[in-house]
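Chemist: Sharing target-v6.tsv here; it has TSV, C-alpha atoms.
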chain	number	residue	atom	x	y	z
C	288	MET	CA	18.31	-6.77	-7.17
C	289	SER	CA	21.45	-6.35	-9.24
C	290	ASP	CA	22.61	-3.09	-10.75
C	291	GLY	CA	22.36	-4.58	-14.25
C	292	SER	CA	19.28	-4.91	-16.41
C	293	LEU	CA	15.99	-4.97	-14.52
C	294	ASN	CA	14.61	-8.50	-14.25
C	295	LEU	CA	11.31	-8.58	-12.38
C	296	ASP	CA	11.53	-12.37	-12.00
C	297	ASP	CA	14.24	-11.79	-9.39
C	298	PHE	CA	11.62	-10.52	-6.96
C	299	GLY	CA	10.02	-13.95	-6.78
C	300	ASP	CA	13.26	-15.31	-5.32
C	301	LEU	CA	14.10	-12.31	-3.15
C	302	ILE	CA	10.76	-11.90	-1.37
C	303	GLU	CA	10.08	-14.23	1.53
C	304	ARG	CA	6.92	-14.42	3.61
C	305	PRO	CA	6.86	-12.98	7.14
C	306	ASP	CA	8.16	-15.54	9.65
C	307	SER	CA	5.38	-18.12	10.23
C	308	GLY	CA	7.22	-19.59	13.24
C	309	VAL	CA	7.30	-16.19	14.92
C	310	ARG	CA	3.61	-15.76	14.12
C	311	ARG	CA	2.84	-19.03	15.95
C	312	ASP	CA	4.90	-17.81	18.90
C	313	ALA	CA	2.88	-14.59	18.91
C	314	GLU	CA	-0.37	-16.56	18.85
C	315	GLU	CA	0.85	-18.67	21.76
C	316	ARG	CA	1.82	-15.59	23.74
C	317	ARG	CA	-1.59	-14.06	23.11
C	318	ALA	CA	-3.30	-17.22	24.36
C	319	ARG	CA	-1.40	-16.90	27.66
C	320	THR	CA	-2.68	-13.38	28.42
C	321	GLY	CA	-5.90	-14.77	29.85
C	322	LEU	CA	-8.13	-12.63	27.62
C	323	PRO	CA	-10.93	-14.61	25.98
C	324	ALA	CA	-10.22	-15.71	22.42
C	325	GLY	CA	-11.57	-13.16	19.97
C	326	ALA	CA	-11.92	-10.42	22.60
C	327	LEU	CA	-9.61	-8.11	20.64
C	328	GLY	CA	-11.00	-8.98	17.21
C	329	ARG	CA	-8.69	-8.02	14.34
C	330	LEU	CA	-6.23	-6.45	16.73
C	331	ASP	CA	-4.96	-9.94	17.55
C	332	GLU	CA	-4.43	-10.70	13.86
C	333	LEU	CA	-2.65	-7.38	13.35
C	334	GLY	CA	-0.34	-7.91	16.30
C	335	GLU	CA	0.60	-11.38	15.10
C	336	TRP	CA	1.16	-10.09	11.55
C	337	LEU	CA	3.48	-7.38	12.83
C	338	ALA	CA	5.40	-9.86	14.97
C	339	ALA	CA	5.94	-12.08	11.94
C	340	ALA	CA	6.99	-9.09	9.83
C	341	GLN	CA	9.45	-7.95	12.50
C	342	GLY	CA	10.60	-11.49	13.25
C	343	ARG	CA	10.26	-11.06	17.01
C	344	VAL	CA	8.00	-11.75	19.99
C	345	PRO	CA	6.90	-9.67	21.73
C	346	VAL	CA	6.39	-7.27	18.87
C	347	GLU	CA	8.11	-3.88	18.91
C	348	PRO	CA	5.94	-0.73	18.96
C	349	VAL	CA	5.49	1.04	15.61
C	350	SER	CA	7.73	3.97	16.44
C	351	ARG	CA	9.08	5.22	13.09
C	352	PRO	CA	6.26	5.20	10.54
C	353	ARG	CA	6.39	7.34	7.40
C	354	ALA	CA	3.70	8.43	4.95
C	355	VAL	CA	5.02	8.20	1.38
C	356	LEU	CA	2.97	9.67	-1.48
C	357	PHE	CA	3.94	9.29	-5.13
C	358	ALA	CA	2.69	12.15	-7.32
C	359	GLY	CA	1.93	12.46	-11.01
C	360	ASP	CA	-0.39	13.79	-13.68
C	361	HIS	CA	-2.10	11.71	-16.38
C	362	LYS	CA	-3.03	13.20	-19.75
C	363	VAL	CA	-6.17	11.05	-19.82
C	364	ALA	CA	-7.61	13.68	-17.46
C	365	GLU	CA	-7.89	15.97	-20.52
C	366	LEU	CA	-10.92	13.84	-21.52
C	367	GLY	CA	-12.90	15.16	-18.54
C	368	VAL	CA	-12.72	11.95	-16.49
C	369	SER	CA	-11.85	13.69	-13.22
C	370	ALA	CA	-13.49	16.32	-11.03
C	371	ARG	CA	-10.11	18.06	-10.91
C	372	PRO	CA	-8.54	19.95	-13.82
C	373	ALA	CA	-6.05	18.09	-15.99
C	374	GLY	CA	-2.50	18.80	-14.89
C	375	GLY	CA	-3.66	20.02	-11.50
C	376	ALA	CA	-1.93	17.53	-9.22
C	377	HIS	CA	0.85	20.01	-8.39
C	378	ALA	CA	-1.72	22.18	-6.56
C	379	LEU	CA	-2.61	19.17	-4.40
C	380	VAL	CA	1.09	18.58	-3.71
C	381	ARG	CA	1.53	22.22	-2.75
C	382	ALA	CA	-1.41	21.99	-0.30
C	383	ALA	CA	0.16	18.91	1.29
C	384	LEU	CA	3.53	20.63	1.57
C	385	ASP	CA	1.85	23.70	3.07
C	386	GLY	CA	0.10	21.53	5.65
C	387	THR	CA	-3.45	22.35	4.56
C	388	SER	CA	-4.62	19.05	3.01
C	389	PRO	CA	-6.32	16.26	5.03
C	390	VAL	CA	-3.28	13.97	4.87
C	391	ALA	CA	-1.01	16.82	6.01
C	392	VAL	CA	-3.25	17.63	8.98
C	393	LEU	CA	-3.50	13.98	10.01
C	394	SER	CA	0.20	13.25	9.57
C	395	ARG	CA	1.00	16.28	11.72
C	396	ARG	CA	-1.45	15.23	14.45
C	397	LEU	CA	-0.30	11.60	14.38
C	398	ASP	CA	3.37	12.65	14.34
C	399	VAL	CA	4.05	10.81	11.08
C	400	PRO	CA	6.61	12.40	8.72
C	401	LEU	CA	5.17	13.02	5.25
C	402	ARG	CA	7.26	12.41	2.12
C	403	ILE	CA	6.09	13.34	-1.37
C	404	VAL	CA	7.83	11.94	-4.45
C	405	ASP	CA	7.15	13.74	-7.75
C	406	MET	CA	7.29	11.25	-10.63
C	407	SER	CA	5.42	13.08	-13.39
C	408	LEU	CA	3.74	16.27	-12.22
C	409	ASP	CA	2.71	18.67	-14.99
C	410	CYS	CA	4.59	21.70	-13.66
C	411	ASP	CA	8.02	23.24	-13.74
C	412	PRO	CA	10.16	21.30	-11.24
C	413	GLY	CA	11.47	24.61	-9.93
C	414	GLU	CA	8.04	25.25	-8.37
C	415	LEU	CA	8.65	22.49	-5.81
C	416	PRO	CA	11.46	21.60	-3.39
C	417	GLU	CA	14.33	19.57	-4.84
C	418	GLU	CA	13.77	16.68	-2.43
C	419	VAL	CA	10.28	16.32	-3.92
C	420	THR	CA	11.29	16.44	-7.60
C	421	ARG	CA	14.65	14.63	-7.64
C	422	HIS	CA	13.15	11.33	-8.84
C	423	ARG	CA	10.94	12.87	-11.57
C	424	VAL	CA	10.91	10.87	-14.81
C	425	ARG	CA	8.92	13.18	-17.08
C	426	ARG	CA	6.30	15.91	-17.14
C	427	SER	CA	2.84	14.27	-17.12
C	428	GLY	CA	2.28	10.98	-18.95
C	429	GLY	CA	1.00	9.88	-22.34
C	430	ARG	CA	-2.78	9.64	-22.86
C	431	LEU	CA	-3.35	5.97	-22.06
C	432	ASP	CA	-6.37	5.56	-24.35
C	433	VAL	CA	-4.40	6.34	-27.51
C	434	GLU	CA	-0.68	6.20	-26.63
C	435	ASP	CA	1.74	4.67	-24.15
C	436	SER	CA	2.00	6.44	-20.82
C	437	LEU	CA	5.79	5.94	-20.78
C	438	THR	CA	8.59	4.75	-22.99
C	439	ALA	CA	10.29	1.51	-21.96
C	440	GLU	CA	13.28	3.47	-20.68
C	441	GLU	CA	11.06	5.83	-18.65
C	442	ALA	CA	9.19	2.86	-17.16
C	443	GLU	CA	12.43	1.28	-15.97
C	444	ARG	CA	13.59	4.59	-14.50
C	445	ALA	CA	10.29	5.03	-12.68
C	446	PHE	CA	10.33	1.47	-11.36
C	447	ARG	CA	13.91	1.85	-10.14
C	448	ALA	CA	13.01	5.18	-8.52
C	449	GLY	CA	10.30	3.43	-6.51
C	450	MET	CA	12.82	0.77	-5.48
C	451	ALA	CA	15.31	3.46	-4.46
C	452	VAL	CA	12.72	5.21	-2.26
C	453	ALA	CA	11.93	1.87	-0.57
C	454	ASP	CA	15.63	1.34	0.10
C	455	GLU	CA	16.00	4.88	1.45
C	456	GLU	CA	13.13	4.35	3.87
C	457	ALA	CA	14.39	0.95	5.03
C	458	ASP	CA	17.91	2.32	5.50
C	459	ALA	CA	16.52	5.26	7.51
C	460	GLY	CA	14.85	2.87	9.96
C	461	THR	CA	11.24	3.37	8.84
C	462	ASP	CA	9.33	0.49	10.45
C	463	LEU	CA	6.02	0.90	8.61
C	464	VAL	CA	4.99	2.86	5.50
C	465	VAL	CA	1.63	4.51	4.90
C	466	LEU	CA	1.46	4.49	1.10
C	467	GLY	CA	-0.63	6.76	-1.12
C	468	ASP	CA	-0.69	8.84	-4.28
C	469	ILE	CA	-1.39	12.40	-5.35
C	470	SER	CA	-2.64	12.36	-8.92
C	471	VAL	CA	-5.19	13.63	-11.39
C	472	GLY	CA	-6.31	10.86	-13.71
C	473	GLY	CA	-4.63	8.20	-11.59
C	474	THR	CA	-7.83	6.35	-10.75
C	475	THR	CA	-8.51	5.94	-14.48
C	476	ALA	CA	-5.08	4.32	-14.97
C	477	ALA	CA	-5.72	2.16	-11.91
C	478	GLY	CA	-9.07	1.07	-13.34
C	479	VAL	CA	-7.39	-0.09	-16.55
C	480	LEU	CA	-4.81	-2.12	-14.63
C	481	VAL	CA	-7.40	-3.81	-12.40
C	482	ALA	CA	-9.74	-4.58	-15.31
C	483	ALA	CA	-6.87	-6.02	-17.33
C	484	LEU	CA	-5.49	-8.17	-14.52
C	485	CYS	CA	-8.91	-9.38	-13.33
C	486	GLY	CA	-10.30	-9.97	-16.82
C	487	THR	CA	-13.34	-7.74	-16.37
C	488	ASP	CA	-15.11	-5.11	-18.43
C	489	ALA	CA	-14.46	-1.42	-17.96
C	490	SER	CA	-17.89	-0.71	-16.45
C	491	VAL	CA	-17.16	-3.12	-13.57
C	492	VAL	CA	-14.17	-1.09	-12.36
C	493	THR	CA	-15.17	2.49	-13.22
C	494	GLY	CA	-15.78	4.50	-10.06
C	495	ARG	CA	-16.58	8.11	-9.23
C	496	GLY	CA	-13.11	9.09	-7.99
C	497	GLY	CA	-12.26	11.15	-4.94
C	498	GLY	CA	-14.08	14.18	-6.36
C	499	ARG	CA	-17.30	12.23	-7.07
C	500	ILE	CA	-17.77	12.87	-10.80
C	501	ASP	CA	-21.23	13.18	-12.37
C	502	ASP	CA	-22.84	10.66	-14.74
C	503	LEU	CA	-21.47	12.22	-17.94
C	504	ALA	CA	-17.94	12.26	-16.57
C	505	TRP	CA	-18.41	8.65	-15.41
C	506	MET	CA	-19.33	7.65	-18.97
C	507	ARG	CA	-16.26	9.43	-20.34
C	508	LYS	CA	-14.11	7.68	-17.74
C	509	CYS	CA	-15.62	4.31	-18.58
C	510	ALA	CA	-14.91	4.85	-22.28
C	511	ALA	CA	-11.32	5.86	-21.54
C	512	ILE	CA	-10.80	2.76	-19.40
C	513	ARG	CA	-12.30	0.59	-22.15
C	514	ASP	CA	-9.93	2.10	-24.73
C	515	GLY	CA	-6.99	1.70	-22.38
C	516	LEU	CA	-8.02	-1.88	-21.73
C	517	ARG	CA	-7.80	-2.71	-25.43
C	518	ARG	CA	-4.21	-1.46	-25.39
C	519	ALA	CA	-3.35	-3.22	-22.11
C	520	ARG	CA	-4.56	-6.75	-22.86
C	521	PRO	CA	-1.86	-7.59	-25.46
C	522	VAL	CA	0.95	-6.82	-22.95
C	523	LEU	CA	-0.47	-8.57	-19.89
C	524	GLY	CA	2.40	-11.05	-19.78
C	525	ASP	CA	5.01	-8.30	-19.24
C	526	GLN	CA	4.24	-6.32	-16.09
C	527	LEU	CA	6.76	-3.53	-16.74
C	528	ARG	CA	5.47	-3.10	-20.28
C	529	LEU	CA	1.91	-3.07	-18.93
C	530	LEU	CA	2.82	-0.22	-16.59
C	531	ALA	CA	4.52	1.65	-19.42
C	532	THR	CA	1.47	1.21	-21.65
C	533	VAL	CA	-1.25	2.41	-19.27
C	534	GLY	CA	0.19	2.98	-15.78
C	535	GLY	CA	2.29	6.12	-15.88
C	536	ALA	CA	5.38	7.03	-13.88
C	537	ASP	CA	3.68	7.35	-10.49
C	538	LEU	CA	1.95	3.96	-10.63
C	539	THR	CA	5.11	2.33	-11.99
C	540	ALA	CA	7.15	3.78	-9.12
C	541	ILE	CA	4.57	2.62	-6.55
C	542	THR	CA	4.82	-0.92	-7.93
C	543	GLY	CA	8.61	-0.86	-7.65
C	544	PHE	CA	8.30	0.58	-4.15
C	545	LEU	CA	5.93	-2.15	-3.01
C	546	LEU	CA	8.12	-4.96	-4.30
C	547	GLN	CA	11.36	-3.57	-2.90
C	548	SER	CA	9.66	-2.85	0.45
C	549	ALA	CA	8.73	-6.54	0.60
C	550	VAL	CA	12.35	-7.45	-0.21
C	551	ARG	CA	13.46	-5.20	2.66
C	552	ARG	CA	10.77	-6.64	4.98
C	553	THR	CA	9.09	-3.24	5.46
C	554	PRO	CA	5.33	-3.50	6.18
C	555	VAL	CA	3.07	-1.21	4.13
C	556	ILE	CA	-0.48	0.07	4.61
C	557	LEU	CA	-2.16	0.58	1.24
C	558	ASP	CA	-4.48	3.55	0.72
C	559	GLY	CA	-6.98	3.65	-2.14
C	560	VAL	CA	-7.56	2.30	-5.62
C	561	VAL	CA	-4.22	3.47	-7.05
C	562	SER	CA	-2.06	1.69	-4.48
C	563	ALA	CA	-4.35	-1.36	-4.67
C	564	ALA	CA	-3.96	-1.53	-8.46
C	565	CYS	CA	-0.18	-1.29	-8.16
C	566	ALA	CA	-0.24	-4.00	-5.49
C	567	LEU	CA	-2.15	-6.22	-7.90
C	568	VAL	CA	0.55	-5.74	-10.53
C	569	ALA	CA	3.20	-6.45	-7.89
C	570	GLN	CA	1.41	-9.64	-6.89
C	571	ARG	CA	1.74	-10.84	-10.50
C	572	VAL	CA	5.48	-10.26	-10.20
C	573	ALA	CA	5.94	-11.95	-6.79
C	574	PHE	CA	3.04	-13.91	-5.30
C	575	ARG	CA	4.37	-13.70	-1.73
C	576	ALA	CA	4.58	-9.89	-1.74
C	577	PRO	CA	0.99	-9.18	-0.51
C	578	ASP	CA	1.84	-10.84	2.81
C	579	TRP	CA	3.72	-7.63	3.64
C	580	TRP	CA	0.75	-5.31	3.05
C	581	LEU	CA	-2.40	-4.22	4.84
C	582	ALA	CA	-5.41	-2.57	3.23
C	583	GLY	CA	-6.03	0.59	5.22
C	584	SER	CA	-9.45	1.82	4.19
C	585	ALA	CA	-12.24	1.02	1.74
C	586	SER	CA	-12.59	3.95	-0.66
C	587	GLY	CA	-15.83	2.89	-2.31
C	588	GLU	CA	-14.05	2.50	-5.67
C	589	PRO	CA	-15.14	-0.75	-7.33
C	590	ALA	CA	-11.66	-1.32	-8.77
C	591	GLN	CA	-10.15	-1.15	-5.29
C	592	ALA	CA	-12.64	-3.69	-3.96
C	593	LYS	CA	-11.91	-6.03	-6.87
C	594	ALA	CA	-8.13	-5.74	-6.46
C	595	LEU	CA	-8.22	-6.29	-2.70
C	596	ASP	CA	-10.52	-9.28	-3.10
C	597	ARG	CA	-8.10	-10.81	-5.61
C	598	MET	CA	-5.27	-10.40	-3.08
C	599	ALA	CA	-7.41	-11.54	-0.11
C	600	LEU	CA	-6.83	-8.23	1.70
C	601	ASP	CA	-9.65	-6.95	3.92
C	602	PRO	CA	-9.69	-3.17	4.64
C	603	LEU	CA	-9.21	-2.22	8.27
C	604	LEU	CA	-11.63	0.71	8.02
C	605	ASP	CA	-14.74	1.59	6.04
C	606	HIS	CA	-15.80	5.11	6.90
C	607	GLY	CA	-16.64	6.37	3.41
C	608	VAL	CA	-13.41	8.40	3.18
C	609	THR	CA	-12.68	9.25	-0.46
C	610	ALA	CA	-10.12	12.04	-0.01
C	611	GLY	CA	-7.25	9.86	-1.23
C	612	GLU	CA	-3.66	11.06	-0.86
C	613	GLY	CA	-2.99	8.44	1.81
C	614	THR	CA	-5.74	9.72	4.12
C	615	GLY	CA	-7.54	6.39	4.52
C	616	ALA	CA	-4.34	4.47	5.15
C	617	LEU	CA	-3.19	7.06	7.68
C	618	LEU	CA	-6.48	6.74	9.56
C	619	ALA	CA	-5.78	3.02	9.94
C	620	LEU	CA	-2.35	3.59	11.49
C	621	PRO	CA	-3.60	4.17	15.09
C	622	LEU	CA	-5.35	0.79	14.89
C	623	VAL	CA	-2.11	-0.92	13.85
C	624	ARG	CA	-0.21	0.90	16.59
C	625	ALA	CA	-2.82	-0.15	19.14
C	626	ALA	CA	-2.47	-3.77	18.04
C	627	ALA	CA	1.29	-3.59	18.45
C	628	ALA	CA	0.99	-2.03	21.91
C	629	LEU	CA	-1.46	-4.69	23.11
C	630	ALA	CA	0.59	-7.54	21.67
C	631	ALA	CA	3.74	-6.18	23.31
C	632	GLU	CA	2.47	-5.00	26.68
C	633	LEU	CA	-0.33	-7.33	27.81
C	634	PRO	CA	1.21	-9.49	30.54
C	635	VAL	CA	1.20	-13.26	30.14
C	636	ARG	CA	0.21	-15.64	32.93
C	637	ARG	CA	2.56	-18.09	34.50
C	638	GLU	CA	1.72	-21.81	34.23
C	639	ARG	CA	0.27	-21.96	37.79
C	640	GLU	CA	-1.99	-18.97	37.06
C	641	ASP	CA	-3.17	-20.64	33.84
C	642	ALA	CA	-4.04	-23.78	35.78
C	643	ALA	CA	-5.95	-21.83	38.40
C	644	ALA	CA	-8.09	-20.32	35.66
C	645	GLU	CA	-9.19	-23.73	34.34
C	646	PRO	CA	-12.84	-24.69	35.10
C	647	ASP	CA	-11.77	-27.82	37.07
C	648	ALA	CA	-9.16	-25.98	39.11
C	649	GLY	CA	-9.90	-26.04	42.85
C	650	ARG	CA	-12.16	-29.15	42.73
C	651	SER	CA	-11.29	-31.84	45.26
C	652	GLY	CA	-8.94	-34.40	43.84
C	653	ALA	CA	-7.61	-32.11	41.11
C	654	ALA	CA	-3.83	-32.42	40.97
C	655	PRO	CA	-1.99	-29.11	41.07
C	656	MET	CA	-0.06	-28.09	38.00
C	657	PRO	CA	3.69	-27.79	38.50
C	658	ASP	CA	5.18	-24.32	38.30
C	659	VAL	CA	7.66	-24.64	35.46
C	660	THR	CA	8.36	-20.94	35.04
Would you write out, as structure tokens, the structure that this file holds?
Modeler:
Amino acid sequence: MSDGSLNLDDFGDLIERPDSGVRRDAEERRARTGLPAGALGRLDELGEWLAAAQGRVPVEPVSRPRAVLFAGDHKVAELGVSARPAGGAHALVRAALDGTSPVAVLSRRLDVPLRIVDMSLDCDPGELPEEVTRHRVRRSGGRLDVEDSLTAEEAERAFRAGMAVADEEADAGTDLVVLGDISVGGTTAAGVLVAALCGTDASVVTGRGGGRIDDLAWMRKCAAIRDGLRRARPVLGDQLRLLATVGGADLTAITGFLLQSAVRRTPVILDGVVSAACALVAQRVAFRAPDWWLAGSASGEPAQAKALDRMALDPLLDHGVTAGEGTGALLALPLVRAAAALAAELPVRREREDAAAEPDAGRSGAAPMPDVT
């Protein structure tokens, strides 16, 4: 991507699929381990996907993962669409930084560094460390049902910030990203994006959120998504303008992050509905980009299910986890690491051993297979 004006069409040329030839080599290696086909289930598929992403067989272990969470507040939360108070995302960020939130506990136990990127929290930036706030675009975002979430200039800044974070991670040697968000009102923005891109009504994508809102709050959320949808439909042809209209700085940055991660060939595990909605926008920009992503965990949000179905991504886990903040994606990481370890470390048989395992081997008259290894 050039340093000039931002042209999203460039991503279509810059993003290539993971190496299909390497994937075939990984499949061939797996077939020579002697384990019955299908014995490892999706672990085989994961190992082959990682090999293709890395461009090597056998696959390397996942040794330098990073959890990256983009944070922001959305003024639409003032309508009572969330179980959390409007403007309260900074408290969630503080809990993560203090090590007391679920994602912080898991990242510590799994030895995964946790990075939080403030894009639009509704607090004084001085309340948080500078490395968290240095990419901030604005304080909170416009109320998507009646006004744009961002100006065009803010949207470009947010998108470029996401790209910059992806570059920083790739340059630091991060070999897999666990991607999530910390937001209040973010699932409402995500619902608008998914409904707009899938051509569905608001009620089809309106979920209960991580805090499990009651029926009255659900109706308010559905109405807000419907109003946002009316504003989103006219700008569907321009993905950056769509994000500026209803997405907000955090979702815009996540979209930029996903696309630039695909450019840099960095695999990503998606978390919940917010990252899935951003992935859907990114797919509109570059149709090959989803080949670099995994869906970590089903959150129970209908908009997430719709987005993942549109991208043909099947969640690795479905344990009813609705905590958000990257928790579901982080829970899927040990599965991905196990797949890499099996793909790398299971020994392969030599040709003579393969022949001896055949059903006809050992029968009289059967010609021995030459040892070509």
Chemist: What separation in Å, quoted to one decimal, exists between atom CA of C:Phe544 and atom CA of C:Val481?
Modeler: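 So the two atoms, atom CA of C:Phe544 and atom CA of C:Val481, lie 18.3 Å apart.
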Chemist: Using atom CA of C:Ala627 and atom CA of C:Leu301 as the two end points, give the distance in Å to one decimal.
Modeler: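 Going from atom CA of C:Ala627 over to atom CA of C:Leu301, I get 26.6 Å.
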Chemist: Quick check, in Å to one decimal: how far apart do atom CA of C:Val368 and atom CA of C:Trp505 lie?
Modeler: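 Computed distance, atom CA of C:Val368 to atom CA of C:Trp505, equals 6.7 Å.
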Chemist: Counting all atoms listed in the file, which residue out of C:Ser490, C:Gln591, C:Ile556, C:Asn294 sits closest to C:Asp578?
Modeler: C:Ile556
Chemist: Under the rule that all atoms listed in the file are counted, which of C:Leu393, C:Ala610, C:Ala476, C:Met598 is the nearest residue to C:Gly497?
Modeler: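 Answer, going by the shortest atom-to-atom distance: C:Ala610.
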Chemist: Which residues, written as a VMD selection string, have at least one atom at most 9 Å from C:Leu567, with all atoms listed in the file counted and residues fewer than 6 positions away on the same chain left out?
Modeler: chain C and resid 480 to 481 484 542 577 594 to 595 597 to 598
Chemist: Under the rule that only C-alpha atoms are counted, which of C:Ile500, C:Arg319, C:Arg329, C:Gly613 is the nearest residue to C:Ile403?
Modeler: C:Gly613
Chemist: List as an NGL selection string the residues having at least one atom at most 6 Å from position (-15.7, 14.8, -11.9) as given in the file, counting only C-alpha atoms.
Modeler: :C and (369-370 or 498-501 or 504)
Chemist: Excluding C:Leu523 and any residue of its chain fewer than 2 positions from it, enumerate the residues within 10 Å of it, using all atoms listed in the file, and give them as a PDB file with C-alpha atoms, keeping the file's coordinate frame.
Modeler:
ATOM      1  CA  LEU C 480      -4.810  -2.120 -14.630  1.00  0.00           C
ATOM      2  CA  ALA C 483      -6.870  -6.020 -17.330  1.00  0.00           C
ATOM      3  CA  LEU C 484      -5.490  -8.170 -14.520  1.00  0.00           C
ATOM      4  CA  ARG C 518      -4.210  -1.460 -25.390  1.00  0.00           C
ATOM      5  CA  ALA C 519      -3.350  -3.220 -22.110  1.00  0.00           C
ATOM      6  CA  ARG C 520      -4.560  -6.750 -22.860  1.00  0.00           C
ATOM      7  CA  PRO C 521      -1.860  -7.590 -25.460  1.00  0.00           C
ATOM      8  CA  ASP C 525       5.010  -8.300 -19.240  1.00  0.00           C
ATOM      9  CA  GLN C 526       4.240  -6.320 -16.090  1.00  0.00           C
ATOM     10  CA  LEU C 527       6.760  -3.530 -16.740  1.00  0.00           C
ATOM     11  CA  ARG C 528       5.470  -3.100 -20.280  1.00  0.00           C
ATOM     12  CA  LEU C 529       1.910  -3.070 -18.930  1.00  0.00           C
ATOM     13  CA  LEU C 530       2.820  -0.220 -16.590  1.00  0.00           C
ATOM     14  CA  VAL C 568       0.550  -5.740 -10.530  1.00  0.00           C
ATOM     15  CA  ARG C 571       1.740 -10.840 -10.500  1.00  0.00           C
TER      16      ARG C 571
END
Chemist: Which residue out of C:Val533, C:Ala457, C:Val344, C:Val380 has the minimum interatomic distance to C:Glu315 when all atoms listed in the file are used?
Modeler: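 Closest to C:Glu315 of all the choices is C:Val344.
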Chemist: Using all atoms listed in the file, which protein or nucleic acid residues come within 10 Å of C:Leu622? Drop anything in the same chain fewer than 4 positions from it, and give the result as a VMD selection string.
Modeler: chain C and resid 329 to 330 333 583 603 to 604 617 to 618 626 to 628
Chemist: So, counting all atoms listed in the file, which residue among C:Pro416, C:Gly478, C:Gly359, C:Gly299 is closest to C:Ala376?
Modeler: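 When distances to C:Ala376 are compared using all atoms listed in the file, the smallest one comes from C:Gly359.
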Chemist: If we count only C-alpha atoms, what is near C:Ser407 at a cut-off of 8 Å, once residues fewer than 4 positions away on the same chain are taken out, given as a PyMOL selection string?
Modeler: chain C and resi 358-360+423-428+536-537
Chemist: So that I can check the surroundings of stretch 419-421 of chain C, please list as a PyMOL selection string every protein, DNA and RNA residue that reaches within 7 Å of it, counting all atoms listed in the file and ignoring chain neighbours fewer than 5 positions away.
Modeler: chain C and resi 403-405+412
